[in-house]
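Contents: one structure, followed by commentary.
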Amino acid sequence: MSQDTLFDKVWDLHKVSSLPGGSDQIFIGLHLIHEVTSPQAFGALKDKKLKVKFPDRTVATVDHIVPTDNQSRPFKDNLAEQMIETLEKNCLEHKIRFFNIGSGNQGIVHVVAPELGLTQPGMTIACGDSHTSTHGAFGSIAFGIGTSQVRDVLATQTLAMNKLKVRQIWCDNTLSKGVYAKDLVLHIINKLGVKAGVGFAYEFAGPAIHELSMEERMTICNMSIEGGARCGYINPDEKTFSYIRNKLYAPKNEHWDNALRWWESLKSDENSIYDDVIKLDASKVEPTVTWGITPGQSISINQQIPLLDELSPNDKLVAEEAYEYMSFKPGQLIKDTPVDVCFIGSCTNGRISDLRVAAKVLKGKKVSKNVKAFAVPGSEKVATKAKQEGLDQIFRDSGFQWREPGCSMCLAMNSDKLIGNQVSASSSNRNFKGRQGSPSGRTLLMSPAMVAAAAINGKVSDVREFIN
Amino acid sequence: MKSEFTQPIGKISNINGQCIPLIGNDIDTDRIIPARFLKCVNFDSLGESVFEDDRKTLKGKHPFDLEENKNASILIVNSNFGCGSSREHAPQALMRWGIKAIIGESFADIFYSNCIAIGIPCFTLPKNSIEEIQNYCDNKFLFLEIDLKNSFAKAKDLSLNLEIKDSSRKMFLSGEWDATSTLLENENLIENKFNELPYIKFNSLFNS
């Protein structure tokens, strides 16, 4: 059992009681909600005649269902309109802070909370969304929950949970040029497998992690869940503190000094005990692309899609399913695979640094005429910043469509969808069957820079050929 | 659809029903209920859309479409079932279709806790036992009587020692799986915790 890790410390700090069945009651410091997984929770509160216990500790925004082309109300999609209205009504009734479209602070929930300074080290954070692990980049313990648990947090500000084990993933050296946080996390998921993280929190550590910017760290923690770990985190450091400083909800003046003193004490002890430790060499990671139907099915840009015989017995079943669904032949190169749609956005890679790196690749180039390409900033703040820097114009000049903030084609709950068996090069997090809105649509996950390169060439490409 | 859906309440100690095998590793919650069906403000109509895209692809051959499975209630799955999105809509859709318990090689964490929270016990068995059951179901009906108290399941010519986390087992037996009221019993402790956490104090902007 782990001891003295950041996870242990934050867990123990938030433990309210041991429940009779043997699980722990954990206090949730920050609760984030959105329109998709909260309406039934508010409905259940009403049925049980309960109130929201600490309305100040819950913050709402709208992201999954918002259109990215025309956001004027009412939305064209009646069901989407009904969902945003329900959220508006629930927030008003329960006095919950809500960042609506046009507030200047709306966006994907996992982009918004960090950029507003809501996400802070040492907190427990829960949200009805599996990518809540993103917030672990700040040294918080953050995890996705379902709607019944959203109800429990609203009613009690606590959850019944079993403590997770802790696996440290130590990344030596640094990433090479043209290789990004997305490549590293895809590599980690490939090496460990998509279910290795079940029952674990992942602590990402080592020189390669230390080197990463806060936004890159968020990309890593974001995809912990794709490796099966519902929680991923990084010990906070100077970069963490300076990212938070001066954000809208960051502690100010003497509160800042107190916060900093506490945050600086928050990290895994040098001699802390982990349930498991994995070491890997980040300098060996190359631009990585998924070829299959799980985020673990990835290869380096110059590799061939694995043959059945090269896979472990446990991976064969899903590999066979993937060859068929993707219409790929074992042994085929992933490079030069034609793509139909290029998508840059999502809670994994929809932040300003992602747009900057993609714009750098796109500048002065044109998107292939066979490709539909669009960029969706992760939040209104990201969009504003991108416009100030002229990034939106670079995207437009290249042939990309520039959209309004939202989750968009990561999960295709709005009108941004693949059609038929189109192939998308996507900076999002999931390549599941049907994930991007068409039951036969095919998704290749990669870094935003790689998506930009694919957009220009109309096929999967090595971004290093663009940046040298 | 089958007989009218009733939500489980209170103590759950026995589940009896016919098994329905579903073969495949890493079956994610997008497949269990595609995102377009999440555009709803209640869970009521999800049952009919469970596995919608997989069922359409298999044109009537999907286990959830086979006539002989229409009264089944114990789902038999392989490894990492329910991975991906945290959407509770997935177990809600399974439950509204008629699933009351799931036996598998392994489950994704969030899916597993969602199942507990809505009253669906998830049990594990080794890979070969799962495959045996799935093969058995290929040509025969398998009715299981699950006894949660003893983590045991029996059929006419078969008995199984099921595995389940002890805390989950206790929650079903006591009714605590429906957690809100249990959590609320500690209201004073929750207040104390709120007052004692360091960051509540230095986040005064929050508390406006």
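All residue names refer to the structure tokens as shown: chains lettered A, B, ... in order, residues numbered from 1 in each chain, ligands numbered from 1 in order.
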
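Counting only C-alpha atoms, Arg169 in chain B has the following residues at most 10 Å away, ignoring those fewer than 3 positions along the same chain: Gly21 of chain A; Ile12, Ser13, Ile116, Pro121, Cys122, Phe123, Leu148, Lys149, Asn150, Ser151, Glu163, Ile164, Lys165, Asp166, Phe172, Leu173, Ser174, Gly175, Glu176 and Trp177 of chain B.
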
I need the chosen residues saved as a short mmCIF file (atom, residue, chain, number, x, y, z; two decimals), in the first residue's frame, with C-alpha atoms.
```
data_model
loop_
_atom_site.label_atom_id
_atom_site.label_comp_id
_atom_site.auth_asym_id
_atom_site.auth_seq_id
_atom_site.Cartn_x
_atom_site.Cartn_y
_atom_site.Cartn_z
CA GLY A 21 -18.94 -1.11 4.27
CA ILE B 12 -29.87 -6.47 -2.68
CA SER B 13 -28.92 -10.00 -1.70
CA ILE B 116 -22.71 0.29 -7.58
CA PRO B 121 -23.55 -5.71 -8.72
CA CYS B 122 -20.50 -6.45 -10.89
CA PHE B 123 -18.65 -9.70 -10.22
CA LEU B 148 -24.43 -11.98 -2.75
CA LYS B 149 -23.98 -12.87 0.89
CA ASN B 150 -21.76 -15.79 -0.03
CA SER B 151 -20.53 -14.43 -3.39
CA GLU B 163 -15.43 -12.37 -6.75
CA ILE B 164 -16.60 -8.94 -5.66
CA LYS B 165 -14.92 -6.22 -3.58
CA ASP B 166 -15.95 -6.76 -0.01
CA PHE B 172 -25.50 -4.11 -1.62
CA LEU B 173 -26.40 -6.25 1.38
CA SER B 174 -27.00 -3.23 3.62
CA GLY B 175 -28.62 -1.02 0.99
CA GLU B 176 -25.82 1.51 1.42
CA TRP B 177 -25.12 1.47 -2.33
#
```

Using only C-alpha atoms, determine which residues of chain B fall within 6 Å of chain A; present them as a CSV table (one decimal) with N, CA and C atoms, in the first residue's frame.
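Dumped everything to out.csv:
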```csv
chain,number,residue,atom,x,y,z
B,35,ALA,N,-23.0,8.8,-28.0
B,35,ALA,CA,-23.2,10.1,-27.4
B,35,ALA,C,-24.4,10.8,-27.8
B,36,ARG,N,-24.9,10.5,-29.0
B,36,ARG,CA,-26.2,11.3,-29.4
B,36,ARG,C,-27.3,11.0,-28.5
B,41,VAL,N,-32.6,14.9,-20.6
B,41,VAL,CA,-32.6,15.3,-19.2
B,41,VAL,C,-33.0,14.3,-18.2
B,42,ASN,N,-33.4,13.1,-18.7
B,42,ASN,CA,-33.6,12.0,-17.8
B,42,ASN,C,-33.2,10.7,-18.5
B,53,ASP,N,-25.5,1.3,-32.1
B,53,ASP,CA,-24.7,1.2,-33.4
B,53,ASP,C,-24.2,-0.2,-33.6
B,85,SER,N,-15.7,6.9,-21.4
B,85,SER,CA,-16.5,8.0,-20.8
B,85,SER,C,-17.1,7.6,-19.5
B,86,SER,N,-17.3,8.6,-18.6
B,86,SER,CA,-17.9,8.3,-17.3
B,86,SER,C,-19.4,8.3,-17.3
B,87,ARG,N,-20.0,8.4,-18.5
B,87,ARG,CA,-21.4,8.5,-18.6
B,87,ARG,C,-22.2,7.4,-17.9
B,88,GLU,N,-22.9,7.8,-16.9
B,88,GLU,CA,-23.8,6.8,-16.1
B,88,GLU,C,-24.9,6.3,-17.0
B,109,ASP,N,-12.9,1.4,-13.9
B,109,ASP,CA,-13.2,1.9,-12.6
B,109,ASP,C,-14.5,2.8,-12.5
B,114,ASN,N,-20.2,3.5,-11.1
B,114,ASN,CA,-21.6,3.9,-11.5
B,114,ASN,C,-22.6,2.7,-11.3
B,167,SER,N,-16.2,-4.3,0.1
B,167,SER,CA,-17.0,-3.1,0.4
B,167,SER,C,-18.2,-3.0,-0.5
B,170,LYS,N,-20.8,-5.5,0.8
B,170,LYS,CA,-21.5,-5.1,2.0
B,170,LYS,C,-22.5,-4.0,1.7
B,171,MET,N,-22.1,-3.1,0.7
B,171,MET,CA,-23.0,-2.0,0.3
B,171,MET,C,-24.3,-2.5,-0.2
B,180,THR,N,-26.5,8.4,-0.7
B,180,THR,CA,-26.7,9.8,-0.3
B,180,THR,C,-27.1,9.9,1.2
B,202,PHE,N,-8.1,30.4,2.2
B,202,PHE,CA,-7.4,31.4,1.3
B,202,PHE,C,-8.1,31.5,0.0
B,203,ASN,N,-9.2,30.9,-0.2
B,203,ASN,CA,-10.0,31.1,-1.5
B,203,ASN,C,-11.3,31.9,-1.2
B,207,ASN,N,-15.9,32.1,-2.1
B,207,ASN,CA,-17.1,32.1,-1.2
B,207,ASN,C,-17.9,33.4,-1.3
```

| field | All strand (DSSP E) residues (DSSP, backbone) inside range 5-205 of chain B, as a PyMOL selection string | value | chain B and resi 14-21+74-77+101-104+122-124+143-147+152-155+158-161

For the selection just defined, write its residues with C-alpha atoms to a file, as a CSV table (one decimal), in the first residue's frame.
```
chain,number,residue,atom,x,y,z
B,14,ASN,CA,-30.2,-12.3,-4.4
B,15,ILE,CA,-30.3,-12.0,-8.2
B,16,ASN,CA,-31.7,-14.7,-10.3
B,17,GLY,CA,-31.9,-14.7,-14.1
B,18,GLN,CA,-30.8,-15.9,-17.4
B,19,CYS,CA,-27.3,-15.1,-18.7
B,20,ILE,CA,-26.6,-13.1,-21.8
B,21,PRO,CA,-23.1,-13.4,-23.2
B,74,ILE,CA,-27.2,-11.3,-16.1
B,75,LEU,CA,-24.7,-10.0,-18.5
B,76,ILE,CA,-21.4,-11.9,-19.1
B,77,VAL,CA,-18.6,-9.8,-20.5
B,101,ALA,CA,-26.0,-8.0,-12.6
B,102,ILE,CA,-22.8,-8.3,-14.6
B,103,ILE,CA,-20.1,-10.9,-14.4
B,104,GLY,CA,-16.9,-10.2,-16.3
B,122,CYS,CA,-20.5,-6.4,-10.9
B,123,PHE,CA,-18.6,-9.7,-10.2
B,124,THR,CA,-15.4,-10.9,-11.6
B,143,PHE,CA,-30.1,-19.5,-15.4
B,144,LEU,CA,-28.0,-18.4,-12.5
B,145,GLU,CA,-29.0,-17.8,-8.9
B,146,ILE,CA,-26.6,-15.3,-7.4
B,147,ASP,CA,-26.2,-15.2,-3.7
B,152,PHE,CA,-21.8,-17.6,-4.9
B,153,ALA,CA,-23.8,-18.5,-8.0
B,154,LYS,CA,-25.4,-21.7,-8.9
B,155,ALA,CA,-27.1,-23.2,-11.9
B,158,LEU,CA,-22.8,-25.6,-12.3
B,159,SER,CA,-21.6,-23.6,-9.3
B,160,LEU,CA,-19.3,-20.6,-9.3
B,161,ASN,CA,-17.4,-18.7,-6.6
```

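In this comparison, which uses only C-alpha atoms, the residue of A:Thr348, A:Ser398, A:Asn271, A:Ser353 approaching Val371 in chain A most closely is A:Ser398.
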
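Our summary of the geometry notes that CA of Ala449 in chain A is positioned 7.7 Å from CA of Asp354 in chain A.
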
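Computed from the coordinates, the CA of Val367 in chain A to CA of Val179 in chain A distance equals 21.6 Å.
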
| said: Ranking A:Leu311, A:Leu164, A:Ala60, A:Val341 by minimum distance to Arg442 in chain A and counting only C-alpha atoms, which one comes first? | reply: A:Val341

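Straight-line separation from CA of Gly441 in chain A to CA of Gly331 in chain A: 21.6 Å.
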
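The protein and nucleic acid residues lying at most 9 Å from Ile99 in chain B are Ala72, Ser73, Ile74, Leu75, Pro91, Ala93, Leu94 and Ile120 of chain B, with only C-alpha atoms considered and sequence neighbours fewer than 5 positions away removed.
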
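Between Asn78 in chain B and the residues B:Leu183, B:Ala117, B:Ile110, B:Ile23, the shortest atom-to-atom distance, using only C-alpha atoms, involves B:Ile23.
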
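Distances to Ile118 in chain B were evaluated for B:Gln92, B:Asn188, B:Ser106, B:Asn139 using only C-alpha atoms, and the minimum falls at B:Gln92.
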
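Within the 9 Å cut-off around Ala205 in chain A, using only C-alpha atoms and omitting residues fewer than 5 positions from it on the same chain, the listed residues are Gln168, Ile169, Trp170, Cys171, Asp172, His210, Tyr233, Ile234 and Asn235 of chain A.
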
Filtering to all heavy atoms, could you give me those residues as a PDB file, in the first residue's frame?
```
ATOM      1  N   GLN A 168       3.750   5.056  -9.845  1.00  0.00           N
ATOM      2  CA  GLN A 168       4.557   6.156 -10.372  1.00  0.00           C
ATOM      3  C   GLN A 168       5.045   5.799 -11.779  1.00  0.00           C
ATOM      4  O   GLN A 168       5.563   4.706 -12.004  1.00  0.00           O
ATOM      5  CB  GLN A 168       5.755   6.430  -9.473  1.00  0.00           C
ATOM      6  CG  GLN A 168       6.507   7.686  -9.904  1.00  0.00           C
ATOM      7  CD  GLN A 168       7.806   7.884  -9.145  1.00  0.00           C
ATOM      8  OE1 GLN A 168       8.645   6.986  -9.053  1.00  0.00           O
ATOM      9  NE2 GLN A 168       7.971   9.056  -8.566  1.00  0.00           N
ATOM     10  N   ILE A 169       4.865   6.724 -12.698  1.00  0.00           N
ATOM     11  CA  ILE A 169       5.383   6.537 -14.055  1.00  0.00           C
ATOM     12  C   ILE A 169       6.504   7.538 -14.242  1.00  0.00           C
ATOM     13  O   ILE A 169       6.271   8.746 -14.362  1.00  0.00           O
ATOM     14  CB  ILE A 169       4.260   6.709 -15.099  1.00  0.00           C
ATOM     15  CG1 ILE A 169       3.167   5.673 -14.817  1.00  0.00           C
ATOM     16  CG2 ILE A 169       4.816   6.562 -16.518  1.00  0.00           C
ATOM     17  CD1 ILE A 169       1.963   5.769 -15.705  1.00  0.00           C
ATOM     18  N   TRP A 170       7.713   7.049 -14.156  1.00  0.00           N
ATOM     19  CA  TRP A 170       8.900   7.891 -14.156  1.00  0.00           C
ATOM     20  C   TRP A 170       9.414   8.036 -15.590  1.00  0.00           C
ATOM     21  O   TRP A 170       9.735   7.043 -16.243  1.00  0.00           O
ATOM     22  CB  TRP A 170       9.974   7.263 -13.265  1.00  0.00           C
ATOM     23  CG  TRP A 170      11.195   8.111 -13.148  1.00  0.00           C
ATOM     24  CD1 TRP A 170      12.308   8.067 -13.937  1.00  0.00           C
ATOM     25  CD2 TRP A 170      11.433   9.143 -12.174  1.00  0.00           C
ATOM     26  NE1 TRP A 170      13.209   9.011 -13.529  1.00  0.00           N
ATOM     27  CE2 TRP A 170      12.715   9.689 -12.452  1.00  0.00           C
ATOM     28  CE3 TRP A 170      10.689   9.671 -11.110  1.00  0.00           C
ATOM     29  CZ2 TRP A 170      13.255  10.732 -11.689  1.00  0.00           C
ATOM     30  CZ3 TRP A 170      11.238  10.702 -10.360  1.00  0.00           C
ATOM     31  CH2 TRP A 170      12.502  11.218 -10.649  1.00  0.00           C
ATOM     32  N   CYS A 171       9.470   9.269 -16.090  1.00  0.00           N
ATOM     33  CA  CYS A 171       9.880   9.500 -17.474  1.00  0.00           C
ATOM     34  C   CYS A 171      11.247  10.169 -17.500  1.00  0.00           C
ATOM     35  O   CYS A 171      11.374  11.343 -17.146  1.00  0.00           O
ATOM     36  CB  CYS A 171       8.849  10.361 -18.200  1.00  0.00           C
ATOM     37  SG  CYS A 171       7.189   9.654 -18.160  1.00  0.00           S
ATOM     38  N   ASP A 172      12.237   9.414 -17.910  1.00  0.00           N
ATOM     39  CA  ASP A 172      13.610   9.925 -17.950  1.00  0.00           C
ATOM     40  C   ASP A 172      13.871  10.759 -19.196  1.00  0.00           C
ATOM     41  O   ASP A 172      13.169  10.636 -20.189  1.00  0.00           O
ATOM     42  CB  ASP A 172      14.595   8.735 -17.927  1.00  0.00           C
ATOM     43  CG  ASP A 172      15.014   8.404 -16.510  1.00  0.00           C
ATOM     44  OD1 ASP A 172      15.252   9.357 -15.736  1.00  0.00           O
ATOM     45  OD2 ASP A 172      15.079   7.199 -16.177  1.00  0.00           O
ATOM     46  N   HIS A 210       8.926  17.022 -15.590  1.00  0.00           N
ATOM     47  CA  HIS A 210       9.310  18.288 -14.977  1.00  0.00           C
ATOM     48  C   HIS A 210       9.489  19.382 -16.047  1.00  0.00           C
ATOM     49  O   HIS A 210       9.112  20.534 -15.857  1.00  0.00           O
ATOM     50  CB  HIS A 210      10.605  18.090 -14.186  1.00  0.00           C
ATOM     51  CG  HIS A 210      11.026  19.299 -13.416  1.00  0.00           C
ATOM     52  ND1 HIS A 210      10.373  19.691 -12.273  1.00  0.00           N
ATOM     53  CD2 HIS A 210      11.995  20.209 -13.642  1.00  0.00           C
ATOM     54  CE1 HIS A 210      10.941  20.794 -11.820  1.00  0.00           C
ATOM     55  NE2 HIS A 210      11.920  21.135 -12.633  1.00  0.00           N
ATOM     56  N   TYR A 233      -1.805  12.462 -11.681  1.00  0.00           N
ATOM     57  CA  TYR A 233      -1.371  13.740 -11.114  1.00  0.00           C
ATOM     58  C   TYR A 233       0.125  13.935 -11.254  1.00  0.00           C
ATOM     59  O   TYR A 233       0.878  12.996 -11.551  1.00  0.00           O
ATOM     60  CB  TYR A 233      -1.786  13.856  -9.642  1.00  0.00           C
ATOM     61  CG  TYR A 233      -1.035  12.925  -8.719  1.00  0.00           C
ATOM     62  CD1 TYR A 233       0.156  13.323  -8.106  1.00  0.00           C
ATOM     63  CD2 TYR A 233      -1.515  11.650  -8.465  1.00  0.00           C
ATOM     64  CE1 TYR A 233       0.849  12.471  -7.263  1.00  0.00           C
ATOM     65  CE2 TYR A 233      -0.819  10.786  -7.619  1.00  0.00           C
ATOM     66  CZ  TYR A 233       0.360  11.204  -7.026  1.00  0.00           C
ATOM     67  OH  TYR A 233       1.047  10.358  -6.207  1.00  0.00           O
ATOM     68  N   ILE A 234       0.538  15.175 -11.049  1.00  0.00           N
ATOM     69  CA  ILE A 234       1.948  15.562 -11.089  1.00  0.00           C
ATOM     70  C   ILE A 234       2.205  16.428  -9.861  1.00  0.00           C
ATOM     71  O   ILE A 234       1.391  17.300  -9.525  1.00  0.00           O
ATOM     72  CB  ILE A 234       2.250  16.342 -12.388  1.00  0.00           C
ATOM     73  CG1 ILE A 234       2.077  15.414 -13.605  1.00  0.00           C
ATOM     74  CG2 ILE A 234       3.657  16.953 -12.351  1.00  0.00           C
ATOM     75  CD1 ILE A 234       2.090  16.101 -14.950  1.00  0.00           C
ATOM     76  N   ASN A 235       3.294  16.182  -9.163  1.00  0.00           N
ATOM     77  CA  ASN A 235       3.607  16.999  -7.985  1.00  0.00           C
ATOM     78  C   ASN A 235       3.771  18.462  -8.398  1.00  0.00           C
ATOM     79  O   ASN A 235       4.446  18.751  -9.377  1.00  0.00           O
ATOM     80  CB  ASN A 235       4.891  16.491  -7.327  1.00  0.00           C
ATOM     81  CG  ASN A 235       4.644  15.217  -6.545  1.00  0.00           C
ATOM     82  OD1 ASN A 235       3.799  15.187  -5.647  1.00  0.00           O
ATOM     83  ND2 ASN A 235       5.328  14.144  -6.902  1.00  0.00           N
TER      84      ASN A 235
END
```

| message | Can you tell me which residues surround Asp26 in chain B at a distance of at most 7 Å, considering only C-alpha atoms, apart from same-chain residues fewer than 3 positions away, and format the answer as an MDAnalysis selection string? | response | chainID B and resid 79:81 83

Would you output that residue set with C-alpha atoms, as a compact mmCIF listing (two decimals), in the first residue's frame?
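Saved as out.txt:
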```
# COMPACT_ATOMS: atom_id res chain seq x y z
CA SER B 79 -12.10 -7.66 -19.88
CA ASN B 80 -12.10 -3.87 -19.21
CA PHE B 81 -15.83 -3.63 -19.79
CA CYS B 83 -13.95 1.77 -20.31
```

| Residue set, range 13-118 of chain A restricted to helix (DSSP H, G or I), as a PyMOL selection string | chain A and resi 13-14+39-47+55-57+78-94+109-115

Could you dump the residues just selected with C-alpha atoms as a PDB file, in the first residue's frame?
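Full text of result_10.pdb as output:
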```pdb
ATOM      1  CA  LEU A  13      -6.635  15.333   4.362  1.00  0.00           C
ATOM      2  CA  HIS A  14     -10.072  14.990   2.736  1.00  0.00           C
ATOM      3  CA  PRO A  39     -29.707  17.226 -15.076  1.00  0.00           C
ATOM      4  CA  GLN A  40     -30.594  13.795 -13.674  1.00  0.00           C
ATOM      5  CA  ALA A  41     -28.577  14.580 -10.539  1.00  0.00           C
ATOM      6  CA  PHE A  42     -30.596  17.742  -9.899  1.00  0.00           C
ATOM      7  CA  GLY A  43     -33.721  15.698 -10.629  1.00  0.00           C
ATOM      8  CA  ALA A  44     -32.687  13.183  -7.980  1.00  0.00           C
ATOM      9  CA  LEU A  45     -32.102  15.974  -5.438  1.00  0.00           C
ATOM     10  CA  LYS A  46     -35.615  17.153  -6.043  1.00  0.00           C
ATOM     11  CA  ASP A  47     -37.003  13.603  -5.635  1.00  0.00           C
ATOM     12  CA  PRO A  55     -23.295  25.876  -3.645  1.00  0.00           C
ATOM     13  CA  ASP A  56     -20.021  27.876  -3.684  1.00  0.00           C
ATOM     14  CA  ARG A  57     -17.999  24.708  -4.149  1.00  0.00           C
ATOM     15  CA  ASN A  78     -34.040  21.558 -29.748  1.00  0.00           C
ATOM     16  CA  LEU A  79     -32.570  18.877 -27.496  1.00  0.00           C
ATOM     17  CA  ALA A  80     -29.339  20.857 -27.084  1.00  0.00           C
ATOM     18  CA  GLU A  81     -31.374  23.956 -26.272  1.00  0.00           C
ATOM     19  CA  GLN A  82     -33.376  21.999 -23.703  1.00  0.00           C
ATOM     20  CA  MET A  83     -30.141  20.832 -22.052  1.00  0.00           C
ATOM     21  CA  ILE A  84     -28.605  24.300 -21.740  1.00  0.00           C
ATOM     22  CA  GLU A  85     -31.915  25.693 -20.443  1.00  0.00           C
ATOM     23  CA  THR A  86     -32.077  22.951 -17.834  1.00  0.00           C
ATOM     24  CA  LEU A  87     -28.553  23.788 -16.667  1.00  0.00           C
ATOM     25  CA  GLU A  88     -29.362  27.513 -16.552  1.00  0.00           C
ATOM     26  CA  LYS A  89     -32.465  26.821 -14.501  1.00  0.00           C
ATOM     27  CA  ASN A  90     -30.694  24.443 -12.103  1.00  0.00           C
ATOM     28  CA  CYS A  91     -27.806  26.849 -11.513  1.00  0.00           C
ATOM     29  CA  LEU A  92     -30.167  29.739 -10.901  1.00  0.00           C
ATOM     30  CA  GLU A  93     -32.349  27.743  -8.534  1.00  0.00           C
ATOM     31  CA  HIS A  94     -29.425  26.365  -6.525  1.00  0.00           C
ATOM     32  CA  VAL A 109     -14.864  22.379 -18.297  1.00  0.00           C
ATOM     33  CA  HIS A 110     -11.295  21.023 -18.040  1.00  0.00           C
ATOM     34  CA  VAL A 111      -9.900  24.020 -19.903  1.00  0.00           C
ATOM     35  CA  VAL A 112     -11.957  26.576 -17.988  1.00  0.00           C
ATOM     36  CA  ALA A 113     -11.284  25.593 -14.362  1.00  0.00           C
ATOM     37  CA  PRO A 114      -7.469  25.756 -14.633  1.00  0.00           C
ATOM     38  CA  GLU A 115      -7.441  28.999 -16.617  1.00  0.00           C
TER      39      GLU A 115
END
```

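Shell of Glu48 in chain B at 10 Å, with only C-alpha atoms counted and residues fewer than 6 places along the chain excluded, is B:Met1, B:Ile33, B:Phe64, B:Ala93, B:Leu94, B:Arg96, B:Trp97.
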
| query | If we count only C-alpha atoms, what is near Ser103 in chain A at a cut-off of 12 Å, once residues fewer than 4 positions away on the same chain are taken out, given as an MDAnalysis selection string? | reply | chainID A and resid 61:62 97:99 107 112 379:381

Prev. selection, C-alpha atoms, output as a PDB file, in the first residue's frame:
```
ATOM      1  CA  THR A  61     -20.170  25.653 -17.630  1.00  0.00           C
ATOM      2  CA  VAL A  62     -21.670  24.369 -20.876  1.00  0.00           C
ATOM      3  CA  ARG A  97     -21.840  29.942 -10.366  1.00  0.00           C
ATOM      4  CA  PHE A  98     -22.346  29.351 -14.093  1.00  0.00           C
ATOM      5  CA  PHE A  99     -20.056  30.400 -16.944  1.00  0.00           C
ATOM      6  CA  GLY A 107     -15.476  26.588 -22.537  1.00  0.00           C
ATOM      7  CA  VAL A 112     -11.957  26.576 -17.988  1.00  0.00           C
ATOM      8  CA  SER A 379     -12.603  28.092 -24.236  1.00  0.00           C
ATOM      9  CA  GLU A 380     -13.653  31.671 -24.847  1.00  0.00           C
ATOM     10  CA  LYS A 381     -10.431  32.780 -23.142  1.00  0.00           C
TER      11      LYS A 381
END
```
